[in-house]
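**Q** My structure is in upload13.cif, and what it holds is mmCIF, C-alpha atoms:
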data_structure
loop_
_atom_site.label_atom_id
_atom_site.label_comp_id
_atom_site.auth_asym_id
_atom_site.auth_seq_id
_atom_site.Cartn_x
_atom_site.Cartn_y
_atom_site.Cartn_z
CA MET A 1 -18.45 14.49 18.39
CA LYS A 2 -18.61 12.01 21.27
CA GLN A 3 -15.15 10.94 22.31
CA GLN A 4 -15.37 7.21 21.99
CA LYS A 5 -12.77 4.99 23.60
CA LEU A 6 -10.23 4.67 20.82
CA GLY A 7 -7.64 1.91 20.74
CA PHE A 8 -4.46 1.67 18.68
CA LEU A 9 -3.18 -1.82 17.88
CA GLY A 10 0.44 -0.92 17.21
CA GLY A 11 2.41 2.11 18.37
CA GLY A 12 4.61 2.92 15.37
CA ASN A 13 5.05 6.18 13.47
CA MET A 14 1.59 6.36 11.90
CA ALA A 15 -0.15 5.54 15.18
CA ASN A 16 2.00 8.19 16.84
CA ALA A 17 1.10 10.78 14.19
CA ILE A 18 -2.64 10.11 14.47
CA ASN A 19 -2.49 10.04 18.26
CA SER A 20 -0.57 13.30 18.42
CA GLY A 21 -2.89 15.02 15.94
CA LEU A 22 -5.98 13.93 17.81
CA ILE A 23 -4.71 15.11 21.18
CA ASP A 24 -3.56 18.41 19.71
CA SER A 25 -7.06 18.90 18.28
CA GLY A 26 -8.66 18.34 21.69
CA TYR A 27 -9.23 14.58 21.96
CA ASN A 28 -9.03 13.46 25.59
CA PRO A 29 -5.94 11.22 25.98
CA GLU A 30 -7.75 9.33 28.73
CA ALA A 31 -10.12 8.08 26.01
CA ILE A 32 -7.18 6.51 24.13
CA MET A 33 -5.38 3.22 24.70
CA VAL A 34 -2.31 2.02 22.77
CA CYS A 35 -1.15 -1.58 22.56
CA ASP A 36 2.39 -2.47 21.57
CA LEU A 37 4.89 -5.09 22.71
CA ASN A 38 7.68 -2.51 22.74
CA GLU A 39 7.74 -0.71 26.09
CA ALA A 40 9.82 2.13 24.65
CA GLN A 41 7.14 2.73 22.02
CA LEU A 42 4.48 2.90 24.72
CA GLU A 43 6.34 5.47 26.79
CA ARG A 44 5.65 8.32 24.36
CA PHE A 45 1.91 7.59 24.55
CA SER A 46 1.78 7.27 28.32
CA ALA A 47 3.66 10.59 28.54
CA ARG A 48 0.69 12.19 26.78
CA GLY A 49 -1.75 10.69 29.27
CA CYS A 50 -2.95 7.75 27.16
CA HIS A 51 -3.60 4.30 28.57
CA THR A 52 -1.11 1.68 27.39
CA THR A 53 -1.02 -2.11 27.35
CA GLN A 54 0.96 -4.98 25.89
CA ASP A 55 -2.17 -7.16 25.79
CA ALA A 56 -4.20 -6.96 22.58
CA ALA A 57 -7.14 -8.67 24.25
CA GLU A 58 -7.27 -5.90 26.86
CA LEU A 59 -7.30 -3.34 24.06
CA PHE A 60 -10.21 -5.03 22.27
CA ALA A 61 -12.20 -5.40 25.48
CA TRP A 62 -11.75 -1.68 26.29
CA SER A 63 -12.22 0.04 22.93
CA ASP A 64 -15.26 1.30 21.01
CA ALA A 65 -13.11 1.75 17.90
CA ILE A 66 -9.70 0.30 17.06
CA VAL A 67 -7.02 1.58 14.70
CA LEU A 68 -5.05 -1.32 13.23
CA ALA A 69 -1.48 -0.06 12.86
CA VAL A 70 0.78 -3.12 12.77
CA LYS A 71 2.89 -4.43 9.89
CA PRO A 72 0.81 -6.10 7.16
CA GLN A 73 2.87 -9.30 7.34
CA VAL A 74 1.79 -9.95 10.95
CA LEU A 75 -1.79 -8.66 10.88
CA LYS A 76 -3.43 -12.05 10.30
CA SER A 77 -1.56 -13.76 13.14
CA VAL A 78 -2.37 -10.87 15.48
CA LEU A 79 -6.08 -10.67 14.65
CA GLU A 80 -7.18 -14.31 14.43
CA PRO A 81 -6.78 -15.01 18.20
CA LEU A 82 -8.94 -11.92 18.85
CA ALA A 83 -11.90 -13.00 16.71
CA GLU A 84 -14.11 -14.20 19.56
CA LEU A 85 -13.54 -11.02 21.54
CA ALA A 86 -14.15 -8.89 18.45
CA GLN A 87 -17.49 -10.64 17.92
CA GLN A 88 -18.48 -9.94 21.51
CA GLN A 89 -17.42 -6.27 21.53
CA ARG A 90 -18.07 -5.41 17.84
CA PRO A 91 -15.82 -2.33 17.70
CA LEU A 92 -15.46 -0.15 14.64
CA ILE A 93 -12.27 -1.26 12.90
CA LEU A 94 -10.11 1.42 11.27
CA SER A 95 -7.15 0.04 9.36
CA VAL A 96 -4.07 2.01 8.34
CA VAL A 97 -2.35 -1.23 7.32
CA ALA A 98 -1.18 -1.18 3.72
CA ALA A 99 -2.44 -3.72 1.18
CA ILE A 100 -4.74 -5.83 3.40
CA PRO A 101 -8.35 -5.69 2.08
CA SER A 102 -11.25 -5.15 4.43
CA SER A 103 -12.70 -8.57 3.54
CA SER A 104 -9.60 -10.30 4.95
CA ILE A 105 -9.68 -8.23 8.13
CA ASP A 106 -13.36 -9.05 8.52
CA GLN A 107 -12.74 -12.77 7.99
CA TRP A 108 -9.86 -12.87 10.49
CA LEU A 109 -12.04 -11.18 13.12
CA GLY A 110 -15.01 -13.48 12.66
CA GLY A 111 -17.09 -11.52 10.13
CA GLU A 112 -19.85 -8.90 9.91
CA LEU A 113 -17.87 -6.02 11.43
CA ALA A 114 -17.91 -2.34 10.43
CA ILE A 115 -14.53 -1.68 8.82
CA ILE A 116 -13.06 1.51 7.42
CA ARG A 117 -9.85 0.97 5.53
CA THR A 118 -7.52 3.93 5.06
CA MET A 119 -4.39 4.90 3.16
CA PRO A 120 -2.64 7.81 4.92
CA ASN A 121 0.82 9.11 4.07
CA THR A 122 3.86 10.20 6.05
CA PRO A 123 3.21 13.99 6.03
CA ALA A 124 0.68 13.04 8.70
CA LEU A 125 3.72 13.28 10.97
CA VAL A 126 3.54 17.08 10.54
CA SER A 127 -0.28 17.25 10.41
CA ALA A 128 -0.20 17.65 6.62
CA GLY A 129 -1.21 14.16 5.55
CA ALA A 130 -3.45 13.06 2.69
CA THR A 131 -5.66 10.04 3.42
CA GLY A 132 -7.96 7.96 1.25
CA LEU A 133 -10.87 6.28 3.08
CA PHE A 134 -13.08 3.33 2.16
CA ALA A 135 -15.98 2.08 4.30
CA ASN A 136 -17.47 -1.40 4.00
CA PRO A 137 -21.28 -1.64 3.87
CA LEU A 138 -21.60 -2.23 7.62
CA ALA A 139 -20.01 1.11 8.56
CA ASN A 140 -22.81 3.58 9.31
CA GLN A 141 -22.84 7.34 8.89
CA GLN A 142 -21.88 8.00 12.50
CA GLN A 143 -18.88 5.71 12.18
CA ARG A 144 -17.86 7.38 8.93
CA ALA A 145 -18.08 10.78 10.65
CA PHE A 146 -15.87 9.46 13.46
CA ALA A 147 -13.28 8.33 10.91
CA GLU A 148 -13.37 11.77 9.30
CA HIS A 149 -12.77 13.37 12.71
CA ILE A 150 -9.70 11.19 13.21
CA PHE A 151 -8.07 11.78 9.85
CA GLN A 152 -8.95 15.45 9.70
CA ALA A 153 -6.67 15.82 12.72
CA ILE A 154 -3.64 14.87 10.60
CA GLY A 155 -4.44 16.64 7.32
CA GLU A 156 -6.88 16.21 4.44
CA PHE A 157 -8.92 13.15 3.45
CA CYS A 158 -11.21 11.91 0.71
CA TRP A 159 -13.59 8.95 0.42
CA VAL A 160 -13.45 6.42 -2.40
CA ALA A 161 -16.53 4.41 -3.35
CA GLU A 162 -14.67 1.23 -4.30
CA GLU A 163 -11.94 -0.42 -2.27
CA ASP A 164 -9.80 -1.13 -5.33
CA LEU A 165 -9.38 2.64 -5.74
CA LEU A 166 -7.10 2.58 -2.70
CA HIS A 167 -4.43 1.20 -5.05
CA ALA A 168 -4.70 4.47 -7.00
CA VAL A 169 -4.65 6.41 -3.71
CA THR A 170 -1.42 4.60 -2.86
CA ALA A 171 0.14 5.69 -6.16
CA ALA A 172 -1.15 9.28 -5.96
CA ALA A 173 -0.66 9.95 -2.23
CA GLY A 174 0.44 7.03 -0.05
CA SER A 175 3.81 6.54 -1.75
CA ALA A 176 3.96 9.97 -3.36
CA PRO A 177 5.89 11.89 -0.65
CA ALA A 178 8.93 9.86 -1.72
CA TYR A 179 8.49 11.06 -5.32
CA PHE A 180 8.72 14.67 -4.20
CA PHE A 181 11.60 13.93 -1.83
CA ARG A 182 13.50 12.29 -4.68
CA PHE A 183 12.78 15.19 -7.02
CA ALA A 184 13.90 17.65 -4.33
CA GLU A 185 17.05 15.60 -3.81
CA ALA A 186 17.87 15.83 -7.52
CA MET A 187 17.20 19.59 -7.50
CA THR A 188 19.43 19.98 -4.46
CA LYS A 189 22.35 18.23 -6.18
CA THR A 190 22.14 20.65 -9.09
CA ALA A 191 21.71 23.66 -6.79
CA LEU A 192 24.88 22.66 -4.94
CA ALA A 193 26.71 22.29 -8.26
CA GLN A 194 25.52 25.83 -9.06
CA ASN A 195 27.13 27.03 -5.80
CA LEU A 196 24.17 27.39 -3.46
CA THR A 197 24.80 26.05 0.03
CA GLU A 198 22.96 23.00 1.33
CA GLN A 199 20.95 25.18 3.72
CA GLN A 200 20.03 27.65 0.96
CA ALA A 201 18.98 24.87 -1.40
CA ARG A 202 16.90 23.09 1.23
CA GLN A 203 15.15 26.30 2.29
CA LEU A 204 14.45 27.54 -1.24
CA ILE A 205 13.36 24.19 -2.68
CA GLY A 206 11.28 23.19 0.33
CA GLN A 207 9.47 26.53 0.49
CA THR A 208 8.86 26.48 -3.26
CA MET A 209 7.31 23.00 -3.03
CA LEU A 210 5.14 24.18 -0.14
CA GLY A 211 4.03 27.28 -2.02
CA ALA A 212 3.25 25.35 -5.20
CA ALA A 213 1.21 22.84 -3.17
CA LYS A 214 -0.79 25.65 -1.57
CA MET A 215 -1.54 27.10 -4.99
CA ILE A 216 -2.86 23.71 -6.17
CA LEU A 217 -5.08 23.37 -3.10
CA GLN A 218 -6.25 26.96 -2.73
CA THR A 219 -6.96 28.08 -6.32
CA ASP A 220 -9.45 26.91 -8.93
CA GLU A 221 -7.07 27.16 -11.88
CA SER A 222 -6.00 23.96 -13.58
CA ILE A 223 -2.50 22.74 -12.79
CA SER A 224 -1.67 23.01 -16.49
CA GLN A 225 -2.70 26.67 -16.53
CA MET A 226 -0.70 27.41 -13.39
CA CYS A 227 2.35 25.96 -15.11
CA GLN A 228 1.75 28.12 -18.19
CA ASN A 229 1.34 31.21 -15.99
CA VAL A 230 4.94 30.88 -14.80
CA CYS A 231 6.34 30.39 -18.31
CA SER A 232 7.17 33.72 -19.93
CA PRO A 233 7.79 33.28 -23.68
CA ASN A 234 11.43 32.44 -24.31
CA GLY A 235 12.09 32.76 -20.58
CA THR A 236 13.97 30.65 -18.07
CA THR A 237 10.98 28.63 -16.84
CA GLU A 238 9.83 27.79 -20.35
CA ARG A 239 13.31 26.49 -21.16
CA ALA A 240 13.21 24.20 -18.10
CA ILE A 241 9.71 22.90 -18.93
CA ARG A 242 10.75 22.19 -22.51
CA SER A 243 13.62 20.13 -21.15
CA PHE A 244 11.21 18.08 -19.03
CA GLU A 245 8.95 17.49 -22.00
CA ALA A 246 11.84 16.55 -24.27
CA ASN A 247 12.71 13.87 -21.73
CA ASN A 248 9.12 12.52 -21.66
CA ILE A 249 8.20 13.58 -18.12
CA ASP A 250 4.62 12.35 -18.55
CA GLU A 251 5.86 8.91 -19.57
CA TRP A 252 8.30 8.43 -16.71
CA VAL A 253 5.81 9.67 -14.12
CA ASP A 254 3.19 7.31 -15.56
CA GLN A 255 5.66 4.41 -15.41
CA ALA A 256 6.53 5.16 -11.79
CA MET A 257 2.93 5.53 -10.61
CA SER A 258 1.87 2.42 -12.54
CA ALA A 259 4.70 0.43 -10.96
CA CYS A 260 3.50 1.61 -7.54
CA TYR A 261 -0.11 0.71 -8.35
CA ASP A 262 0.83 -2.74 -9.65
CA ARG A 263 2.93 -3.51 -6.57
CA SER A 264 0.03 -2.46 -4.33
CA VAL A 265 -2.21 -4.96 -6.12
CA GLU A 266 0.46 -7.68 -5.86
CA LEU A 267 0.89 -7.14 -2.12
CA SER A 268 -2.86 -7.15 -1.58
CA ASP A 269 -3.21 -10.48 -3.38
CA LEU A 270 -0.25 -11.94 -1.48
CA LEU A 271 -1.13 -10.76 2.03
CA ALA A 272 -4.90 -11.20 1.88
CA LYS A 273 -4.64 -14.98 2.11
#
Show the structure stored in the file as C-alpha cells.
**A**
Amino acid sequence: MKQQKLGFLGGGNMANAINSGLIDSGYNPEAIMVCDLNEAQLERFSARGCHTTQDAAELFAWSDAIVLAVKPQVLKSVLEPLAELAQQQRPLILSVVAAIPSSSIDQWLGGELAIIRTMPNTPALVSAGATGLFANPLANQQQRAFAEHIFQAIGEFCWVAEEDLLHAVTAAAGSAPAYFFRFAEAMTKTALAQNLTEQQARQLIGQTMLGAAKMILQTDESISQMCQNVCSPNGTTERAIRSFEANNIDEWVDQAMSACYDRSVELSDLLAK
C-alpha cells in the first residue's frame, strides 16, 4: 500500500487513536500532517514525528487524503472557506464526524469529491475499535482499500451499501461501548454489595466481557446458542437469564438502541443544513 500523504483536520481523541494505530502498524509519520488550533494537542503528534500546522489551508494543499475529525457543529464553517482549494487538490475525504452526511460535506467543499464517511467507536483508543464505512460513488477501489488500511489499524471494520445504515452502525457500535460500560457499572455495584473488592470486580467483569466478545467473534455458533451452552438446567446462570427475561431485556435494549438511532437521524437532519 503506497503511503499517501495523509492529513488530519482536527487533533482530538479519535484522530489521536487513528494516528497512533497507523504509526504502530508501520505508517511513516513523515507522511502524516495534523491540523489543530490547540498547540498542546499538536505536541503529541509532533512527538511521533508527524508534521503539524494550525493552518487548514496548508493541510489541504499538502495532503492526498484528509481525515475530517472536528466537532460536527463546526464542520461547515471550517470546510466552506476551503472549497476552492479542495477543488484544486481533489483529495480523498475521510470523515469520522458524527451525523454529517457525505452530500453535505461534498457541497461545502465545492462538489464532486470522493468521500468515505465512517463511524468508528472509542475502543479504537486501544486498537479494538469497530468502524462502519460508506463510500460515495466517486470513491474508487484504490481509495476504498486505503480507507480499509487506515481503519484496520485501529480494529475491525465493515462496509455498508447505503449511507442511512450508518445510523444503525451508530446504535450497534458507535454508541455501544457506553452500553457495556453502563452494564459493567451495574454489575460492579452488585459485586461490591456481595463483598468483592473494586479491583476484583473490575478484573473479573472486564475479563469476562473480553472473553465473551472473543467467543462471539471467533466461533460460528449463534449468540443464542452460546447463551444456552452456559445455562445448566436449574443452575445459577439459568436463574440469572430468567431474571433478565422476566424484566423484558429484549424490550429495553430495543428501546435504547432505537432512541440512539432516532437521535442520530435527528442530528443528521439538523447539522446537514
**Q** Find the spatial neighbours of Glu58 (chain A), counting only C-alpha atoms, within a cut-off of 10 Å - ignore same-chain residues fewer than 6 positions away - and output them as a PyMOL selection string.
**A** chain A and resi 7+33+35+52+85
**Q** Using the chain letters and numbers from the file, give me the residues hit by the PyMOL selection byres ((chain A and resi 159) around 9), as a list of chain:residue names.
**A**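 Going through the file, the PyMOL selection byres ((chain A and resi 159) around 9) ends up selecting A:Thr131, A:Gly132, A:Leu133, A:Phe134, A:Ala135, A:Phe157, A:Cys158, A:Val160, A:Ala161.
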**Q** Near Leu9 (chain A), within 7 Å and counting all atoms listed in the file, which residues show up once chain neighbours fewer than 5 positions away are dropped, as a ChimeraX atom specification?
**A** /A:34-36,66-70
**Q** Do you know which residues the PyMOL selection byres ((chain A and resi 112) around 12) returns on this file, as a list in words?
**A**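 With the PyMOL selection byres ((chain A and resi 112) around 12) on this model, the match is Ala83, Ala86, Gln87, Gln88, Arg90, Pro91, Leu92, Ile93, Ser102, Ser103, Ser104, Ile105, Asp106, Gln107, Trp108, Leu109, Gly110, Gly111, Leu113, Ala114, Ile115, Asn136, Pro137, Leu138 and Ala139 of chain A.
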**Q** Please tell me which residues are no farther than 12 Å from (-7.0, -4.9, 1.7) in the file, counting all atoms listed in the file, and write them as a PyMOL selection string.
**A** chain A and resi 72+75-76+94-107+115-119+133-136+162-167+170+264-273
**Q** Counting all atoms listed in the file, what is within 12 Å of Gln54 (chain A), bar same-chain residues fewer than 3 positions away, as an MDAnalysis selection string?
**A** chainID A and resid 8:11 33:43 51 57:60
**Q** Would you mind completing region 193-206 of chain A so that it carries N, CA, C and O atoms, and writing it out as a PDB file, keeping the file's coordinate frame?
**A**
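For reference, out-v1.pdb as written:
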ATOM      1  N   ALA A 193      25.748  22.156  -7.160  1.00  0.00           N
ATOM      2  CA  ALA A 193      26.710  22.290  -8.260  1.00  0.00           C
ATOM      3  C   ALA A 193      26.728  23.715  -8.805  1.00  0.00           C
ATOM      4  O   ALA A 193      27.736  24.156  -9.382  1.00  0.00           O
ATOM      5  N   GLN A 194      25.618  24.439  -8.609  1.00  0.00           N
ATOM      6  CA  GLN A 194      25.520  25.830  -9.060  1.00  0.00           C
ATOM      7  C   GLN A 194      25.859  26.815  -7.938  1.00  0.00           C
ATOM      8  O   GLN A 194      25.548  27.998  -8.023  1.00  0.00           O
ATOM      9  N   ASN A 195      26.486  26.253  -6.872  1.00  0.00           N
ATOM     10  CA  ASN A 195      27.130  27.030  -5.800  1.00  0.00           C
ATOM     11  C   ASN A 195      26.186  27.595  -4.729  1.00  0.00           C
ATOM     12  O   ASN A 195      26.594  28.466  -3.951  1.00  0.00           O
ATOM     13  N   LEU A 196      24.958  27.116  -4.654  1.00  0.00           N
ATOM     14  CA  LEU A 196      24.170  27.390  -3.460  1.00  0.00           C
ATOM     15  C   LEU A 196      24.652  26.482  -2.334  1.00  0.00           C
ATOM     16  O   LEU A 196      25.193  25.394  -2.570  1.00  0.00           O
ATOM     17  N   THR A 197      24.466  26.917  -1.097  1.00  0.00           N
ATOM     18  CA  THR A 197      24.800  26.050   0.030  1.00  0.00           C
ATOM     19  C   THR A 197      23.667  25.043   0.245  1.00  0.00           C
ATOM     20  O   THR A 197      22.559  25.215  -0.244  1.00  0.00           O
ATOM     21  N   GLU A 198      23.986  24.009   1.016  1.00  0.00           N
ATOM     22  CA  GLU A 198      22.960  23.000   1.330  1.00  0.00           C
ATOM     23  C   GLU A 198      21.774  23.647   2.030  1.00  0.00           C
ATOM     24  O   GLU A 198      20.612  23.331   1.734  1.00  0.00           O
ATOM     25  N   GLN A 199      22.027  24.521   2.992  1.00  0.00           N
ATOM     26  CA  GLN A 199      20.950  25.180   3.720  1.00  0.00           C
ATOM     27  C   GLN A 199      20.107  26.053   2.787  1.00  0.00           C
ATOM     28  O   GLN A 199      18.880  26.061   2.861  1.00  0.00           O
ATOM     29  N   GLN A 200      20.760  26.804   1.903  1.00  0.00           N
ATOM     30  CA  GLN A 200      20.030  27.650   0.960  1.00  0.00           C
ATOM     31  C   GLN A 200      19.158  26.814   0.038  1.00  0.00           C
ATOM     32  O   GLN A 200      17.983  27.134  -0.195  1.00  0.00           O
ATOM     33  N   ALA A 201      19.720  25.721  -0.480  1.00  0.00           N
ATOM     34  CA  ALA A 201      18.980  24.870  -1.400  1.00  0.00           C
ATOM     35  C   ALA A 201      17.769  24.240  -0.712  1.00  0.00           C
ATOM     36  O   ALA A 201      16.661  24.232  -1.255  1.00  0.00           O
ATOM     37  N   ARG A 202      17.994  23.737   0.496  1.00  0.00           N
ATOM     38  CA  ARG A 202      16.900  23.090   1.230  1.00  0.00           C
ATOM     39  C   ARG A 202      15.780  24.090   1.516  1.00  0.00           C
ATOM     40  O   ARG A 202      14.592  23.783   1.339  1.00  0.00           O
ATOM     41  N   GLN A 203      16.145  25.289   1.967  1.00  0.00           N
ATOM     42  CA  GLN A 203      15.150  26.300   2.290  1.00  0.00           C
ATOM     43  C   GLN A 203      14.377  26.742   1.049  1.00  0.00           C
ATOM     44  O   GLN A 203      13.141  26.814   1.055  1.00  0.00           O
ATOM     45  N   LEU A 204      15.098  27.036  -0.022  1.00  0.00           N
ATOM     46  CA  LEU A 204      14.450  27.540  -1.240  1.00  0.00           C
ATOM     47  C   LEU A 204      13.582  26.468  -1.902  1.00  0.00           C
ATOM     48  O   LEU A 204      12.446  26.731  -2.313  1.00  0.00           O
ATOM     49  N   ILE A 205      14.107  25.264  -2.011  1.00  0.00           N
ATOM     50  CA  ILE A 205      13.360  24.190  -2.680  1.00  0.00           C
ATOM     51  C   ILE A 205      12.169  23.757  -1.840  1.00  0.00           C
ATOM     52  O   ILE A 205      11.058  23.594  -2.354  1.00  0.00           O
ATOM     53  N   GLY A 206      12.381  23.597  -0.536  1.00  0.00           N
ATOM     54  CA  GLY A 206      11.280  23.190   0.330  1.00  0.00           C
ATOM     55  C   GLY A 206      10.154  24.212   0.345  1.00  0.00           C
ATOM     56  O   GLY A 206       8.974  23.863   0.230  1.00  0.00           O
TER      57      GLY A 206
END
